[in-house]
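Below is one structure; the comments refer to it alone.
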Amino acid sequence: MASLKASPQGLRQIKQARADRGWTINDGRWLMAASQILDPDGDWQESGPYAYGCSFSSWERFLSGISIREDSFIAFCQVLGVDPETVAES
């Protein structure tokens with residue numbers, strides 16, 4: 001499975017998009033929304049369980065610019081409303 005990480009410029013876009021959403025970093029809605037993207041048929045809740053590849057540790061790595069699974073990276077970008085191709089490191 002391929003992995004992606006955000007570029008320094010992408011991290012700034014991600015940080016702004018997260019702030020615009022108004023949810024705290026530890027809010028389970030991030031993971032629930034990403035889980036719904038990864039597995040729309042799952043019964044995802046804010047408190048968990050979450051789809052494979054969605055966890056608080058993968059979310060924190062994403063926000064820190066550390067590589068995560070490609071599908072999780074794309075789902076997190078979609079939740080934030082940012083283009084994965086513009087925030088990913090080349």
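Here, A, B, ... name the chains of the structure tokens in the order displayed, residue numbers run from 1 inside each chain, and ligands are numbered from 1 in the same displayed order.
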>> Which of chain A end up as strand (DSSP E) when DSSP is run on this backbone - answer as a ChimeraX atom specification?
In response: /A:3-4,68-69
> When DSSP works through the backbone of this structure, what residues of range 45-86 of chain A end up as alpha helix (DSSP H), shown as number ranges by chain?
Replying inline: A: 56-64, 70-80, 84-86
Serialized selection, N, CA, C and O atoms, as a PDB file, in the first residue's frame:
```
ATOM      1  N   PHE A  56      -6.771   7.795  15.805  1.00  0.00           N
ATOM      2  CA  PHE A  56      -6.225   9.068  16.270  1.00  0.00           C
ATOM      3  C   PHE A  56      -4.735   9.163  15.953  1.00  0.00           C
ATOM      4  O   PHE A  56      -4.233  10.241  15.641  1.00  0.00           O
ATOM      5  N   SER A  57      -4.023   8.042  15.977  1.00  0.00           N
ATOM      6  CA  SER A  57      -2.588   8.103  15.671  1.00  0.00           C
ATOM      7  C   SER A  57      -2.356   8.424  14.192  1.00  0.00           C
ATOM      8  O   SER A  57      -1.463   9.207  13.863  1.00  0.00           O
ATOM      9  N   SER A  58      -3.161   7.865  13.283  1.00  0.00           N
ATOM     10  CA  SER A  58      -2.987   8.197  11.862  1.00  0.00           C
ATOM     11  C   SER A  58      -3.394   9.648  11.604  1.00  0.00           C
ATOM     12  O   SER A  58      -2.762  10.350  10.814  1.00  0.00           O
ATOM     13  N   TRP A  59      -4.428  10.127  12.286  1.00  0.00           N
ATOM     14  CA  TRP A  59      -4.860  11.522  12.168  1.00  0.00           C
ATOM     15  C   TRP A  59      -3.751  12.462  12.653  1.00  0.00           C
ATOM     16  O   TRP A  59      -3.440  13.451  11.989  1.00  0.00           O
ATOM     17  N   GLU A  60      -3.132  12.151  13.773  1.00  0.00           N
ATOM     18  CA  GLU A  60      -2.044  12.984  14.296  1.00  0.00           C
ATOM     19  C   GLU A  60      -0.831  12.954  13.371  1.00  0.00           C
ATOM     20  O   GLU A  60      -0.178  13.986  13.175  1.00  0.00           O
ATOM     21  N   ARG A  61      -0.516  11.791  12.793  1.00  0.00           N
ATOM     22  CA  ARG A  61       0.590  11.714  11.835  1.00  0.00           C
ATOM     23  C   ARG A  61       0.282  12.555  10.601  1.00  0.00           C
ATOM     24  O   ARG A  61       1.141  13.275  10.097  1.00  0.00           O
ATOM     25  N   PHE A  62      -0.945  12.472  10.106  1.00  0.00           N
ATOM     26  CA  PHE A  62      -1.376  13.292   8.974  1.00  0.00           C
ATOM     27  C   PHE A  62      -1.172  14.775   9.273  1.00  0.00           C
ATOM     28  O   PHE A  62      -0.609  15.512   8.459  1.00  0.00           O
ATOM     29  N   LEU A  63      -1.599  15.219  10.450  1.00  0.00           N
ATOM     30  CA  LEU A  63      -1.482  16.630  10.827  1.00  0.00           C
ATOM     31  C   LEU A  63      -0.041  17.064  11.063  1.00  0.00           C
ATOM     32  O   LEU A  63       0.262  18.259  11.042  1.00  0.00           O
ATOM     33  N   SER A  64       0.848  16.098  11.268  1.00  0.00           N
ATOM     34  CA  SER A  64       2.259  16.394  11.530  1.00  0.00           C
ATOM     35  C   SER A  64       3.137  16.260  10.291  1.00  0.00           C
ATOM     36  O   SER A  64       4.340  16.483  10.366  1.00  0.00           O
ATOM     37  N   GLU A  70      -2.209   5.868   1.838  1.00  0.00           N
ATOM     38  CA  GLU A  70      -2.730   6.771   0.810  1.00  0.00           C
ATOM     39  C   GLU A  70      -4.241   6.959   0.917  1.00  0.00           C
ATOM     40  O   GLU A  70      -4.733   8.092   0.833  1.00  0.00           O
ATOM     41  N   ASP A  71      -4.988   5.889   1.113  1.00  0.00           N
ATOM     42  CA  ASP A  71      -6.442   6.025   1.181  1.00  0.00           C
ATOM     43  C   ASP A  71      -6.876   6.838   2.399  1.00  0.00           C
ATOM     44  O   ASP A  71      -7.817   7.625   2.334  1.00  0.00           O
ATOM     45  N   SER A  72      -6.170   6.701   3.516  1.00  0.00           N
ATOM     46  CA  SER A  72      -6.479   7.495   4.705  1.00  0.00           C
ATOM     47  C   SER A  72      -6.131   8.963   4.468  1.00  0.00           C
ATOM     48  O   SER A  72      -6.897   9.861   4.857  1.00  0.00           O
ATOM     49  N   PHE A  73      -4.999   9.224   3.835  1.00  0.00           N
ATOM     50  CA  PHE A  73      -4.591  10.590   3.512  1.00  0.00           C
ATOM     51  C   PHE A  73      -5.665  11.273   2.680  1.00  0.00           C
ATOM     52  O   PHE A  73      -6.082  12.405   2.969  1.00  0.00           O
ATOM     53  N   ILE A  74      -6.134  10.588   1.653  1.00  0.00           N
ATOM     54  CA  ILE A  74      -7.150  11.161   0.760  1.00  0.00           C
ATOM     55  C   ILE A  74      -8.456  11.389   1.512  1.00  0.00           C
ATOM     56  O   ILE A  74      -9.096  12.440   1.356  1.00  0.00           O
ATOM     57  N   ALA A  75      -8.858  10.446   2.353  1.00  0.00           N
ATOM     58  CA  ALA A  75     -10.093  10.606   3.128  1.00  0.00           C
ATOM     59  C   ALA A  75      -9.992  11.795   4.080  1.00  0.00           C
ATOM     60  O   ALA A  75     -10.938  12.591   4.187  1.00  0.00           O
ATOM     61  N   PHE A  76      -8.861  11.940   4.770  1.00  0.00           N
ATOM     62  CA  PHE A  76      -8.692  13.085   5.669  1.00  0.00           C
ATOM     63  C   PHE A  76      -8.745  14.394   4.888  1.00  0.00           C
ATOM     64  O   PHE A  76      -9.350  15.367   5.340  1.00  0.00           O
ATOM     65  N   CYS A  77      -8.129  14.427   3.717  1.00  0.00           N
ATOM     66  CA  CYS A  77      -8.184  15.630   2.885  1.00  0.00           C
ATOM     67  C   CYS A  77      -9.616  15.951   2.485  1.00  0.00           C
ATOM     68  O   CYS A  77     -10.038  17.115   2.523  1.00  0.00           O
ATOM     69  N   GLN A  78     -10.381  14.932   2.124  1.00  0.00           N
ATOM     70  CA  GLN A  78     -11.767  15.153   1.727  1.00  0.00           C
ATOM     71  C   GLN A  78     -12.593  15.686   2.889  1.00  0.00           C
ATOM     72  O   GLN A  78     -13.427  16.574   2.704  1.00  0.00           O
ATOM     73  N   VAL A  79     -12.363  15.171   4.086  1.00  0.00           N
ATOM     74  CA  VAL A  79     -13.074  15.668   5.269  1.00  0.00           C
ATOM     75  C   VAL A  79     -12.757  17.144   5.485  1.00  0.00           C
ATOM     76  O   VAL A  79     -13.636  17.934   5.828  1.00  0.00           O
ATOM     77  N   LEU A  80     -11.520  17.521   5.246  1.00  0.00           N
ATOM     78  CA  LEU A  80     -11.098  18.906   5.431  1.00  0.00           C
ATOM     79  C   LEU A  80     -11.485  19.810   4.253  1.00  0.00           C
ATOM     80  O   LEU A  80     -11.423  21.028   4.364  1.00  0.00           O
ATOM     81  N   PRO A  84      -6.139  16.641  -2.182  1.00  0.00           N
ATOM     82  CA  PRO A  84      -4.993  15.816  -1.805  1.00  0.00           C
ATOM     83  C   PRO A  84      -3.768  16.051  -2.709  1.00  0.00           C
ATOM     84  O   PRO A  84      -2.637  16.000  -2.231  1.00  0.00           O
ATOM     85  N   GLU A  85      -4.004  16.320  -3.977  1.00  0.00           N
ATOM     86  CA  GLU A  85      -2.880  16.511  -4.897  1.00  0.00           C
ATOM     87  C   GLU A  85      -2.114  17.809  -4.629  1.00  0.00           C
ATOM     88  O   GLU A  85      -0.927  17.883  -4.884  1.00  0.00           O
ATOM     89  N   THR A  86      -2.783  18.809  -4.086  1.00  0.00           N
ATOM     90  CA  THR A  86      -2.097  20.081  -3.824  1.00  0.00           C
ATOM     91  C   THR A  86      -1.413  20.097  -2.463  1.00  0.00           C
ATOM     92  O   THR A  86      -0.490  20.878  -2.268  1.00  0.00           O
TER      93      THR A  86
END
```
> Can you list, as a list of chain:residue names, every protein, DNA or RNA residue that comes within 12 Å of Gly81 in chain A when you count only C-alpha atoms, leaving out same-chain residues fewer than 4 positions away?
Replying inline: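 In the requested format, the answer is A:Gln13, A:Ile14, A:Lys15, A:Gln16, A:Ala17, A:Arg18, A:Ala19, A:Asp20, A:Arg21, A:Trp30, A:Ala33, A:Ala34, A:Ile74, A:Ala75, A:Phe76, A:Cys77, A:Thr86, A:Val87.
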>> Residues near Gly65 in chain A, anyone? I mean within 8 Å using only C-alpha atoms, not counting same-chain ones fewer than 6 positions away, as a VMD selection string.
In response: chain A and resid 5 to 8 11
> Could you work out how far CA of Ile37 in chain A lies from CA of Glu89 in chain A, giving the answer in Å with one decimal?
Replying inline: 22.0 Å
